[in-house]
$ cat upload13.pdb   # PDB, C-alpha atoms and all ligand atoms
ATOM      1  CA  MET A   1      75.494 123.128 124.194  1.00  0.00           C
ATOM      2  CA  LYS A   2      75.002 121.412 127.543  1.00  0.00           C
ATOM      3  CA  GLY A   3      71.954 119.670 126.121  1.00  0.00           C
ATOM      4  CA  PHE A   4      73.957 118.449 123.180  1.00  0.00           C
ATOM      5  CA  PHE A   5      76.575 116.792 125.379  1.00  0.00           C
ATOM      6  CA  LEU A   6      73.891 115.300 127.565  1.00  0.00           C
ATOM      7  CA  CYS A   7      72.282 113.824 124.458  1.00  0.00           C
ATOM      8  CA  LEU A   8      75.637 112.449 123.369  1.00  0.00           C
ATOM      9  CA  LEU A   9      76.234 110.893 126.785  1.00  0.00           C
ATOM     10  CA  ILE A  10      72.796 109.327 126.810  1.00  0.00           C
ATOM     11  CA  GLN A  11      73.417 107.924 123.361  1.00  0.00           C
ATOM     12  CA  VAL A  12      76.764 106.488 124.358  1.00  0.00           C
ATOM     13  CA  PHE A  13      75.534 104.879 127.551  1.00  0.00           C
ATOM     14  CA  PHE A  14      72.061 103.829 126.624  1.00  0.00           C
ATOM     15  CA  SER A  15      72.148 102.897 122.971  1.00  0.00           C
ATOM     16  CA  SER A  16      71.817  99.137 122.685  1.00  0.00           C
ATOM     17  CA  PRO A  17      75.164  97.573 121.789  1.00  0.00           C
ATOM     18  CA  GLU A  18      75.419  95.749 118.509  1.00  0.00           C
ATOM     19  CA  PRO A  19      75.649  91.984 118.827  1.00  0.00           C
ATOM     20  CA  VAL A  20      79.268  90.952 118.337  1.00  0.00           C
ATOM     21  CA  SER A  21      78.694  89.298 115.026  1.00  0.00           C
ATOM     22  CA  GLN A  22      76.700  92.175 113.589  1.00  0.00           C
ATOM     23  CA  ASN A  23      77.820  93.604 110.330  1.00  0.00           C
ATOM     24  CA  HIS A  24      79.296  97.076 110.291  1.00  0.00           C
ATOM     25  CA  GLY A  25      78.964  97.715 106.604  1.00  0.00           C
ATOM     26  CA  LYS A  26      82.672  97.202 105.974  1.00  0.00           C
ATOM     27  CA  GLY A  27      83.205  93.969 107.850  1.00  0.00           C
ATOM     28  CA  TYR A  28      82.538  92.238 111.130  1.00  0.00           C
ATOM     29  CA  ILE A  29      83.545  93.571 114.494  1.00  0.00           C
ATOM     30  CA  ASP A  30      85.532  91.750 117.181  1.00  0.00           C
ATOM     31  CA  VAL A  31      87.284  89.547 114.671  1.00  0.00           C
ATOM     32  CA  ALA A  32      90.047  87.216 115.815  1.00  0.00           C
ATOM     33  CA  GLN A  33      92.326  85.064 113.710  1.00  0.00           C
ATOM     34  CA  ALA A  34      90.992  81.502 113.411  1.00  0.00           C
ATOM     35  CA  ASP A  35      93.232  79.078 115.302  1.00  0.00           C
ATOM     36  CA  THR A  36      94.439  76.621 112.679  1.00  0.00           C
ATOM     37  CA  SER A  37      96.341  74.648 115.340  1.00  0.00           C
ATOM     38  CA  LEU A  38      92.984  73.265 116.479  1.00  0.00           C
ATOM     39  CA  GLY A  39      92.984  70.935 113.484  1.00  0.00           C
ATOM     40  CA  VAL A  40      89.544  69.596 112.604  1.00  0.00           C
ATOM     41  CA  LEU A  41      88.042  71.534 115.513  1.00  0.00           C
ATOM     42  CA  ILE A  42      88.934  74.879 113.960  1.00  0.00           C
ATOM     43  CA  LEU A  43      86.303  77.558 114.511  1.00  0.00           C
ATOM     44  CA  VAL A  44      85.572  79.838 111.572  1.00  0.00           C
ATOM     45  CA  ASN A  45      82.629  82.200 111.810  1.00  0.00           C
ATOM     46  CA  LYS A  46      81.809  85.889 111.737  1.00  0.00           C
ATOM     47  CA  ASN A  47      84.202  86.459 114.640  1.00  0.00           C
ATOM     48  CA  HIS A  48      86.972  84.108 113.547  1.00  0.00           C
ATOM     49  CA  LYS A  49      88.698  84.684 110.277  1.00  0.00           C
ATOM     50  CA  LEU A  50      91.094  82.642 108.193  1.00  0.00           C
ATOM     51  CA  ALA A  51      94.112  84.229 106.566  1.00  0.00           C
ATOM     52  CA  GLU A  52      93.556  85.128 102.919  1.00  0.00           C
ATOM     53  CA  ALA A  53      96.121  82.689 101.677  1.00  0.00           C
ATOM     54  CA  TYR A  54      94.996  79.852 103.939  1.00  0.00           C
ATOM     55  CA  ARG A  55      94.613  76.619 102.064  1.00  0.00           C
ATOM     56  CA  PRO A  56      94.659  73.259 103.861  1.00  0.00           C
ATOM     57  CA  HIS A  57      97.711  71.204 102.917  1.00  0.00           C
ATOM     58  CA  ASP A  58      95.898  67.894 102.537  1.00  0.00           C
ATOM     59  CA  LEU A  59      92.949  68.578 100.239  1.00  0.00           C
ATOM     60  CA  ILE A  60      91.897  65.632  98.097  1.00  0.00           C
ATOM     61  CA  PRO A  61      89.020  65.095  95.661  1.00  0.00           C
ATOM     62  CA  ILE A  62      85.944  63.282  96.915  1.00  0.00           C
ATOM     63  CA  ASP A  63      85.316  59.964  95.173  1.00  0.00           C
ATOM     64  CA  ASN A  64      83.331  60.655  91.993  1.00  0.00           C
ATOM     65  CA  LYS A  65      80.720  58.204  93.172  1.00  0.00           C
ATOM     66  CA  TYR A  66      79.694  60.700  95.846  1.00  0.00           C
ATOM     67  CA  ASN A  67      80.306  63.949  94.033  1.00  0.00           C
ATOM     68  CA  ARG A  68      78.320  66.079  91.621  1.00  0.00           C
ATOM     69  CA  GLY A  69      79.947  69.400  92.405  1.00  0.00           C
ATOM     70  CA  VAL A  70      82.693  71.392  90.733  1.00  0.00           C
ATOM     71  CA  MET A  71      84.140  72.171  94.146  1.00  0.00           C
ATOM     72  CA  ASN A  72      84.947  68.626  95.169  1.00  0.00           C
ATOM     73  CA  LEU A  73      87.901  68.918  97.546  1.00  0.00           C
ATOM     74  CA  LEU A  74      87.946  68.137 101.252  1.00  0.00           C
ATOM     75  CA  ARG A  75      90.733  67.595 103.738  1.00  0.00           C
ATOM     76  CA  LYS A  76      91.881  63.982 103.603  1.00  0.00           C
ATOM     77  CA  GLN A  77      90.308  62.908 106.892  1.00  0.00           C
ATOM     78  CA  ALA A  78      87.018  64.644 106.106  1.00  0.00           C
ATOM     79  CA  ALA A  79      86.889  63.212 102.579  1.00  0.00           C
ATOM     80  CA  ALA A  80      87.339  59.662 103.901  1.00  0.00           C
ATOM     81  CA  ALA A  81      84.643  60.216 106.544  1.00  0.00           C
ATOM     82  CA  PHE A  82      82.293  61.735 103.967  1.00  0.00           C
ATOM     83  CA  GLU A  83      82.710  58.791 101.612  1.00  0.00           C
ATOM     84  CA  GLU A  84      82.152  56.358 104.458  1.00  0.00           C
ATOM     85  CA  MET A  85      78.997  58.237 105.426  1.00  0.00           C
ATOM     86  CA  CYS A  86      77.708  58.173 101.836  1.00  0.00           C
ATOM     87  CA  ARG A  87      78.411  54.422 101.613  1.00  0.00           C
ATOM     88  CA  SER A  88      76.548  53.779 104.827  1.00  0.00           C
ATOM     89  CA  ALA A  89      73.614  55.949 103.680  1.00  0.00           C
ATOM     90  CA  ALA A  90      73.486  54.079 100.354  1.00  0.00           C
ATOM     91  CA  ALA A  91      73.096  50.833 102.279  1.00  0.00           C
ATOM     92  CA  ASP A  92      69.931  52.414 103.717  1.00  0.00           C
ATOM     93  CA  ASN A  93      68.856  53.472 100.193  1.00  0.00           C
ATOM     94  CA  ILE A  94      69.724  57.095 100.905  1.00  0.00           C
ATOM     95  CA  ILE A  95      71.719  58.789  98.173  1.00  0.00           C
ATOM     96  CA  LEU A  96      74.057  61.522  99.386  1.00  0.00           C
ATOM     97  CA  TRP A  97      76.531  63.518  97.338  1.00  0.00           C
ATOM     98  CA  ASN A  98      78.742  66.552  97.543  1.00  0.00           C
ATOM     99  CA  ARG A  99      77.402  69.686  95.990  1.00  0.00           C
ATOM    100  CA  SER A 100      80.102  72.068  97.187  1.00  0.00           C
ATOM    101  CA  ALA A 101      83.058  71.466  99.493  1.00  0.00           C
ATOM    102  CA  TYR A 102      86.343  73.419  99.678  1.00  0.00           C
ATOM    103  CA  ARG A 103      86.187  76.970  98.394  1.00  0.00           C
ATOM    104  CA  SER A 104      89.146  79.291  98.119  1.00  0.00           C
ATOM    105  CA  ASP A 105      89.106  82.841  99.369  1.00  0.00           C
ATOM    106  CA  THR A 106      88.901  84.061  95.771  1.00  0.00           C
ATOM    107  CA  VAL A 107      85.811  82.005  95.020  1.00  0.00           C
ATOM    108  CA  GLN A 108      84.209  83.232  98.239  1.00  0.00           C
ATOM    109  CA  VAL A 109      84.795  86.868  97.205  1.00  0.00           C
ATOM    110  CA  GLU A 110      82.752  86.225  94.069  1.00  0.00           C
ATOM    111  CA  LEU A 111      80.013  84.353  95.897  1.00  0.00           C
ATOM    112  CA  PHE A 112      79.618  87.034  98.542  1.00  0.00           C
ATOM    113  CA  GLU A 113      79.602  89.885  96.037  1.00  0.00           C
ATOM    114  CA  ASN A 114      77.037  88.013  93.991  1.00  0.00           C
ATOM    115  CA  ALA A 115      74.844  87.439  97.033  1.00  0.00           C
ATOM    116  CA  VAL A 116      75.002  91.145  97.929  1.00  0.00           C
ATOM    117  CA  MET A 117      74.063  92.106  94.380  1.00  0.00           C
ATOM    118  CA  ARG A 118      71.089  89.749  94.333  1.00  0.00           C
ATOM    119  CA  ARG A 119      69.746  90.240  97.847  1.00  0.00           C
ATOM    120  CA  GLY A 120      71.350  93.339  99.345  1.00  0.00           C
ATOM    121  CA  LEU A 121      73.990  93.409 102.061  1.00  0.00           C
ATOM    122  CA  LYS A 122      71.806  92.807 105.121  1.00  0.00           C
ATOM    123  CA  ASP A 123      70.119  89.753 103.647  1.00  0.00           C
ATOM    124  CA  ALA A 124      73.304  88.372 102.132  1.00  0.00           C
ATOM    125  CA  GLU A 125      74.978  88.393 105.563  1.00  0.00           C
ATOM    126  CA  GLN A 126      72.448  85.827 106.770  1.00  0.00           C
ATOM    127  CA  PHE A 127      73.342  83.150 104.252  1.00  0.00           C
ATOM    128  CA  SER A 128      76.644  84.046 102.637  1.00  0.00           C
ATOM    129  CA  ALA A 129      79.997  84.446 104.379  1.00  0.00           C
ATOM    130  CA  ARG A 130      82.480  87.180 103.762  1.00  0.00           C
ATOM    131  CA  PRO A 131      85.827  85.988 102.390  1.00  0.00           C
ATOM    132  CA  GLY A 132      87.964  84.493 105.161  1.00  0.00           C
ATOM    133  CA  HIS A 133      84.859  83.770 107.242  1.00  0.00           C
ATOM    134  CA  SER A 134      83.552  80.803 105.281  1.00  0.00           C
ATOM    135  CA  GLU A 135      83.849  77.327 106.726  1.00  0.00           C
ATOM    136  CA  HIS A 136      84.196  76.077 103.194  1.00  0.00           C
ATOM    137  CA  GLN A 137      87.741  77.515 103.164  1.00  0.00           C
ATOM    138  CA  THR A 138      88.693  75.071 105.944  1.00  0.00           C
ATOM    139  CA  GLY A 139      88.197  72.077 103.656  1.00  0.00           C
ATOM    140  CA  LEU A 140      86.044  70.570 106.386  1.00  0.00           C
ATOM    141  CA  ALA A 141      82.587  71.734 105.298  1.00  0.00           C
ATOM    142  CA  VAL A 142      80.331  70.183 102.717  1.00  0.00           C
ATOM    143  CA  ASP A 143      76.998  71.170 101.234  1.00  0.00           C
ATOM    144  CA  ILE A 144      75.061  67.980 100.657  1.00  0.00           C
ATOM    145  CA  ASN A 145      72.591  67.337  97.813  1.00  0.00           C
ATOM    146  CA  SER A 146      70.517  70.517  97.762  1.00  0.00           C
ATOM    147  CA  VAL A 147      70.858  74.083  98.986  1.00  0.00           C
ATOM    148  CA  HIS A 148      67.118  74.667  99.336  1.00  0.00           C
ATOM    149  CA  GLN A 149      65.354  74.936 102.655  1.00  0.00           C
ATOM    150  CA  SER A 150      62.971  72.161 101.550  1.00  0.00           C
ATOM    151  CA  PHE A 151      65.921  69.755 101.800  1.00  0.00           C
ATOM    152  CA  GLY A 152      65.275  69.866 105.552  1.00  0.00           C
ATOM    153  CA  ASN A 153      62.083  67.859 104.993  1.00  0.00           C
ATOM    154  CA  SER A 154      63.690  65.171 102.852  1.00  0.00           C
ATOM    155  CA  GLU A 155      64.495  61.644 103.950  1.00  0.00           C
ATOM    156  CA  GLU A 156      68.154  62.355 103.135  1.00  0.00           C
ATOM    157  CA  ALA A 157      68.200  65.228 105.635  1.00  0.00           C
ATOM    158  CA  ALA A 158      66.440  63.058 108.215  1.00  0.00           C
ATOM    159  CA  TRP A 159      69.087  60.367 107.722  1.00  0.00           C
ATOM    160  CA  LEU A 160      71.861  62.938 108.156  1.00  0.00           C
ATOM    161  CA  ARG A 161      70.329  64.344 111.335  1.00  0.00           C
ATOM    162  CA  LYS A 162      70.249  60.843 112.768  1.00  0.00           C
ATOM    163  CA  HIS A 163      73.603  59.485 111.602  1.00  0.00           C
ATOM    164  CA  ALA A 164      76.066  62.208 110.540  1.00  0.00           C
ATOM    165  CA  HIS A 165      77.672  62.502 113.984  1.00  0.00           C
ATOM    166  CA  LEU A 166      78.673  58.840 113.856  1.00  0.00           C
ATOM    167  CA  PHE A 167      80.988  59.778 110.978  1.00  0.00           C
ATOM    168  CA  GLY A 168      82.290  62.958 112.610  1.00  0.00           C
ATOM    169  CA  PHE A 169      79.959  65.474 110.933  1.00  0.00           C
ATOM    170  CA  ILE A 170      77.672  68.015 112.577  1.00  0.00           C
ATOM    171  CA  LYS A 171      74.759  70.017 111.243  1.00  0.00           C
ATOM    172  CA  ARG A 172      76.497  73.340 111.525  1.00  0.00           C
ATOM    173  CA  TYR A 173      73.637  75.855 111.291  1.00  0.00           C
ATOM    174  CA  PRO A 174      70.620  74.488 113.160  1.00  0.00           C
ATOM    175  CA  LYS A 175      67.231  76.148 113.125  1.00  0.00           C
ATOM    176  CA  THR A 176      67.119  77.308 116.726  1.00  0.00           C
ATOM    177  CA  LYS A 177      70.710  78.518 116.977  1.00  0.00           C
ATOM    178  CA  GLU A 178      70.747  81.282 114.417  1.00  0.00           C
ATOM    179  CA  LYS A 179      71.712  83.939 116.969  1.00  0.00           C
ATOM    180  CA  ILE A 180      74.748  81.914 118.015  1.00  0.00           C
ATOM    181  CA  THR A 181      75.977  80.810 114.599  1.00  0.00           C
ATOM    182  CA  GLY A 182      75.068  84.057 112.828  1.00  0.00           C
ATOM    183  CA  TYR A 183      73.464  82.197 109.937  1.00  0.00           C
ATOM    184  CA  HIS A 184      70.027  81.076 108.889  1.00  0.00           C
ATOM    185  CA  TYR A 185      69.164  77.398 109.167  1.00  0.00           C
ATOM    186  CA  GLU A 186      71.041  75.384 106.533  1.00  0.00           C
ATOM    187  CA  PRO A 187      69.915  71.738 106.561  1.00  0.00           C
ATOM    188  CA  TRP A 188      72.484  70.859 103.857  1.00  0.00           C
ATOM    189  CA  HIS A 189      75.654  72.291 105.409  1.00  0.00           C
ATOM    190  CA  TYR A 190      77.657  69.736 107.372  1.00  0.00           C
ATOM    191  CA  ARG A 191      80.979  70.252 109.048  1.00  0.00           C
ATOM    192  CA  TYR A 192      83.573  67.629 109.910  1.00  0.00           C
ATOM    193  CA  VAL A 193      84.849  67.905 113.499  1.00  0.00           C
ATOM    194  CA  GLY A 194      85.883  64.303 114.206  1.00  0.00           C
ATOM    195  CA  VAL A 195      83.779  61.587 115.766  1.00  0.00           C
ATOM    196  CA  SER A 196      84.238  62.366 119.450  1.00  0.00           C
ATOM    197  CA  ALA A 197      83.380  66.087 119.168  1.00  0.00           C
ATOM    198  CA  ALA A 198      80.513  65.334 116.769  1.00  0.00           C
ATOM    199  CA  LYS A 199      78.992  62.834 119.188  1.00  0.00           C
ATOM    200  CA  TYR A 200      79.246  65.317 122.055  1.00  0.00           C
ATOM    201  CA  ILE A 201      77.742  68.145 119.989  1.00  0.00           C
ATOM    202  CA  HIS A 202      74.941  65.909 118.723  1.00  0.00           C
ATOM    203  CA  LYS A 203      74.109  64.497 122.145  1.00  0.00           C
ATOM    204  CA  ASN A 204      73.979  67.904 123.786  1.00  0.00           C
ATOM    205  CA  GLN A 205      72.330  69.615 120.812  1.00  0.00           C
ATOM    206  CA  ILE A 206      74.835  72.442 120.814  1.00  0.00           C
ATOM    207  CA  THR A 207      76.726  74.383 118.170  1.00  0.00           C
ATOM    208  CA  LEU A 208      80.444  74.410 117.478  1.00  0.00           C
ATOM    209  CA  GLU A 209      80.568  77.864 119.088  1.00  0.00           C
ATOM    210  CA  GLU A 210      79.080  76.463 122.303  1.00  0.00           C
ATOM    211  CA  TYR A 211      81.379  73.452 122.163  1.00  0.00           C
ATOM    212  CA  HIS A 212      84.378  75.758 121.984  1.00  0.00           C
ATOM    213  CA  GLU A 213      83.123  77.680 124.963  1.00  0.00           C
ATOM    214  CA  ILE A 214      82.870  74.446 126.937  1.00  0.00           C
ATOM    215  CA  ILE A 215      86.287  73.127 125.964  1.00  0.00           C
ATOM    216  CA  GLY A 216      87.795  76.562 126.474  1.00  0.00           C
ATOM    217  CA  LYS A 217      86.801  76.324 130.120  1.00  0.00           C
ATOM    218  CA  GLN A 218      88.459  72.958 130.516  1.00  0.00           C
ATOM    219  CA  THR A 219      92.172  72.684 131.105  1.00  0.00           C
ATOM    220  CA  SER A 220      92.845  70.525 128.083  1.00  0.00           C
ATOM    221  CA  ILE A 221      91.120  70.063 124.769  1.00  0.00           C
ATOM    222  CA  PRO A 222      89.708  66.608 124.096  1.00  0.00           C
ATOM    223  CA  SER A 223      90.864  64.588 121.140  1.00  0.00           C
ATOM    224  CA  ARG A 224      91.390  66.546 117.962  1.00  0.00           C
TER
HETATM  225 ZN    ZN A 301      77.836  75.451 103.064  1.00  0.00          ZN
END
$ encode --input "upload13.pdb" --output "structure tokens"
Amino acid sequence: MKGFFLCLLIQVFFSSPEPVSQNHGKGYIDVAQADTSLGVLILVNKNHKLAEAYRPHDLIPIDNKYNRGVMNLLRKQAAAAFEEMCRSAAADNIILWNRSAYRSDTVQVELFENAVMRRGLKDAEQFSARPGHSEHQTGLAVDINSVHQSFGNSEEAAWLRKHAHLFGFIKRYPKTKEKITGYHYEPWHYRYVGVSAAKYIHKNQITLEEYHEIIGKQTSIPSR
């Protein structure tokens, strides 16, 4: 009996803790409500969840010129910035278009369940978000052109890496930051955060998670 308790104690104290964003089978652990008062700086990830019914109040369709997706809505400010970015890219002979933007909670349920069916839960967690945890529900995220890893080698992706921050967009899931973001590299997924935050994030090569940590330590949050 003594041995059993000793074993239990050893297990409790010495088993390696799960990373915070690790899946538990039923959901994520250490989940907080996403702070919608942060406006375009809102953080939604495996640890920050949107309410089921959350739907931004100012969603508008992206100009058809720059859209080929069924899910073509973005928040007003993000849509305008996206169109401006596409116009500027076109002037450099780079054709950008929306493939998938705002997604409701209901759509995300289907996508996640589909991903689990195709690839199994563990794999699906690396590229598909659980409902409430998808940035696409914020109306501030956009998948551009292609959702294949090879997009990362295209001239369109190179253009985005160089210019997106000037329009307020950041590459949300960079290659070397998978442990922080919780997702595999996605060269097509861009997130609108506003020009000043995007420039800071781009210049310092950090993620939105790291940016929030930095601004959280400051007394006031820079421009939203
Ligand atoms: Zn995406």
$ closest_residue --input "upload13.pdb" --among "A:Lys203, A:Arg130, A:Lys171, A:Arg99" --to "Tyr185 in chain A" --atoms "all atoms listed in the file"
A:Lys171
$ resolve_selection --input "upload13.pdb" --expression "the PyMOL selection byres (((chain A and resi 167) around 7) and not hetatm)" --output "short mmCIF file (atom, residue, chain, number, x, y, z; two decimals) with C-alpha atoms, in the frame of the given file"
data_model
loop_
_atom_site.label_atom_id
_atom_site.label_comp_id
_atom_site.auth_asym_id
_atom_site.auth_seq_id
_atom_site.Cartn_x
_atom_site.Cartn_y
_atom_site.Cartn_z
CA ALA A 81 84.64 60.22 106.54
CA MET A 85 79.00 58.24 105.43
CA ALA A 164 76.07 62.21 110.54
CA HIS A 165 77.67 62.50 113.98
CA LEU A 166 78.67 58.84 113.86
CA GLY A 168 82.29 62.96 112.61
CA PHE A 169 79.96 65.47 110.93
CA VAL A 195 83.78 61.59 115.77
#
$ residues_around --input "upload13.pdb" --residues "Ala101 in chain A" --least-positions-apart "3" --cutoff "12 Å" --atoms "all atoms listed in the file" --output "count of residues only"
39
$ atom_distance --input "upload13.pdb" --atom1 "CA of Val44 in chain A" --atom2 "CA of Val31 in chain A"
10.3 Å
$ axis_aligned_box --input "upload13.pdb" --around "range 120-137 of chain A" --padding-each-side "5 Å" --output "lines of an AutoDock Vina configuration file"
center_x = 79.0
center_y = 84.7
center_z = 103.3
size_x = 27.8
size_y = 27.3
size_z = 17.9
$ closest_residue --input "upload13.pdb" --among "A:Pro187, A:Pro174, A:Gly120, A:Gly216" --to "ligand ZN 301 (chain A)" --atoms "all atoms listed in the file"
A:Pro187
$ decode --input "upload13.pdb" --residues "range 130-219 of chain A" --atoms "C-alpha atoms" --output "mmCIF file, in the first residue's frame"
data_model
loop_
_atom_site.group_PDB
_atom_site.id
_atom_site.type_symbol
_atom_site.label_atom_id
_atom_site.label_comp_id
_atom_site.auth_asym_id
_atom_site.auth_seq_id
_atom_site.Cartn_x
_atom_site.Cartn_y
_atom_site.Cartn_z
ATOM 1 C CA ARG A 130 -12.183 23.962 -32.185
ATOM 2 C CA PRO A 131 -15.371 26.038 -32.362
ATOM 3 C CA GLY A 132 -14.957 29.307 -30.459
ATOM 4 C CA HIS A 133 -11.174 29.117 -30.844
ATOM 5 C CA SER A 134 -10.939 30.060 -34.508
ATOM 6 C CA GLU A 135 -9.652 33.473 -35.483
ATOM 7 C CA HIS A 136 -11.953 33.298 -38.455
ATOM 8 C CA GLN A 137 -14.880 33.915 -36.070
ATOM 9 C CA THR A 138 -13.408 37.345 -35.245
ATOM 10 C CA GLY A 139 -13.987 38.587 -38.790
ATOM 11 C CA LEU A 140 -10.372 39.726 -38.793
ATOM 12 C CA ALA A 141 -8.666 36.695 -40.336
ATOM 13 C CA VAL A 142 -8.353 35.825 -43.984
ATOM 14 C CA ASP A 143 -6.961 32.845 -45.845
ATOM 15 C CA ILE A 144 -5.333 34.169 -48.985
ATOM 16 C CA ASN A 145 -5.181 32.382 -52.359
ATOM 17 C CA SER A 146 -4.194 28.844 -51.397
ATOM 18 C CA VAL A 147 -4.274 26.678 -48.294
ATOM 19 C CA HIS A 148 -1.340 24.500 -49.340
ATOM 20 C CA GLN A 149 2.056 24.661 -47.716
ATOM 21 C CA SER A 150 3.613 25.242 -51.157
ATOM 22 C CA PHE A 151 1.963 28.681 -51.140
ATOM 23 C CA GLY A 152 4.822 29.682 -48.831
ATOM 24 C CA ASN A 153 7.205 29.465 -51.798
ATOM 25 C CA SER A 154 5.088 31.563 -54.144
ATOM 26 C CA GLU A 155 5.781 35.138 -55.163
ATOM 27 C CA GLU A 156 2.391 36.086 -53.691
ATOM 28 C CA ALA A 157 3.464 34.796 -50.271
ATOM 29 C CA ALA A 158 6.799 36.593 -50.600
ATOM 30 C CA TRP A 159 4.952 39.827 -51.386
ATOM 31 C CA LEU A 160 2.708 39.350 -48.348
ATOM 32 C CA ARG A 161 5.647 38.681 -46.037
ATOM 33 C CA LYS A 162 7.215 41.923 -47.200
ATOM 34 C CA HIS A 163 4.182 44.211 -47.333
ATOM 35 C CA ALA A 164 1.192 42.897 -45.346
ATOM 36 C CA HIS A 165 2.131 44.754 -42.153
ATOM 37 C CA LEU A 166 1.918 48.072 -43.992
ATOM 38 C CA PHE A 167 -1.816 47.403 -44.358
ATOM 39 C CA GLY A 168 -2.293 46.168 -40.792
ATOM 40 C CA PHE A 169 -2.037 42.413 -41.433
ATOM 41 C CA ILE A 170 0.300 39.907 -39.805
ATOM 42 C CA LYS A 171 1.299 36.396 -40.776
ATOM 43 C CA ARG A 172 -0.391 34.758 -37.843
ATOM 44 C CA TYR A 173 1.183 31.283 -37.744
ATOM 45 C CA PRO A 174 4.873 31.561 -38.619
ATOM 46 C CA LYS A 175 7.116 28.569 -39.128
ATOM 47 C CA THR A 176 9.300 28.956 -36.061
ATOM 48 C CA LYS A 177 6.556 29.880 -33.603
ATOM 49 C CA GLU A 178 4.427 26.772 -33.657
ATOM 50 C CA LYS A 179 4.879 26.126 -29.932
ATOM 51 C CA ILE A 180 3.608 29.608 -29.114
ATOM 52 C CA THR A 181 0.693 29.800 -31.537
ATOM 53 C CA GLY A 182 -0.303 26.141 -31.184
ATOM 54 C CA TYR A 183 -0.626 25.719 -34.940
ATOM 55 C CA HIS A 184 1.479 24.503 -37.814
ATOM 56 C CA TYR A 185 2.928 27.062 -40.201
ATOM 57 C CA GLU A 186 0.180 28.581 -42.359
ATOM 58 C CA PRO A 187 1.662 30.891 -45.010
ATOM 59 C CA TRP A 188 -1.844 31.837 -46.234
ATOM 60 C CA HIS A 189 -3.480 32.867 -42.952
ATOM 61 C CA TYR A 190 -3.300 36.597 -42.285
ATOM 62 C CA ARG A 191 -4.815 38.467 -39.400
ATOM 63 C CA TYR A 192 -5.771 42.130 -39.257
ATOM 64 C CA VAL A 193 -4.487 43.892 -36.121
ATOM 65 C CA GLY A 194 -4.203 47.493 -37.348
ATOM 66 C CA VAL A 195 -1.167 49.164 -38.839
ATOM 67 C CA SER A 196 0.705 50.164 -35.694
ATOM 68 C CA ALA A 197 0.539 46.717 -34.035
ATOM 69 C CA ALA A 198 1.292 44.987 -37.348
ATOM 70 C CA LYS A 199 4.401 47.101 -37.878
ATOM 71 C CA TYR A 200 5.617 46.357 -34.354
ATOM 72 C CA ILE A 201 4.951 42.621 -34.710
ATOM 73 C CA HIS A 202 6.628 42.511 -38.120
ATOM 74 C CA LYS A 203 9.674 44.490 -37.024
ATOM 75 C CA ASN A 204 10.240 42.371 -33.941
ATOM 76 C CA GLN A 205 9.293 39.097 -35.638
ATOM 77 C CA ILE A 206 6.933 38.123 -32.854
ATOM 78 C CA THR A 207 3.497 36.547 -32.649
ATOM 79 C CA LEU A 208 0.257 38.107 -31.477
ATOM 80 C CA GLU A 209 0.605 36.066 -28.276
ATOM 81 C CA GLU A 210 4.010 37.633 -27.598
ATOM 82 C CA TYR A 211 2.704 41.079 -28.490
ATOM 83 C CA HIS A 212 -0.055 40.689 -25.924
ATOM 84 C CA GLU A 213 2.462 39.680 -23.318
ATOM 85 C CA ILE A 214 4.459 42.829 -24.033
ATOM 86 C CA ILE A 215 1.494 45.190 -23.987
ATOM 87 C CA GLY A 216 0.104 43.436 -20.933
ATOM 88 C CA LYS A 217 3.216 44.498 -19.056
ATOM 89 C CA GLN A 218 2.793 48.105 -20.078
ATOM 90 C CA THR A 219 0.425 50.380 -18.227
#
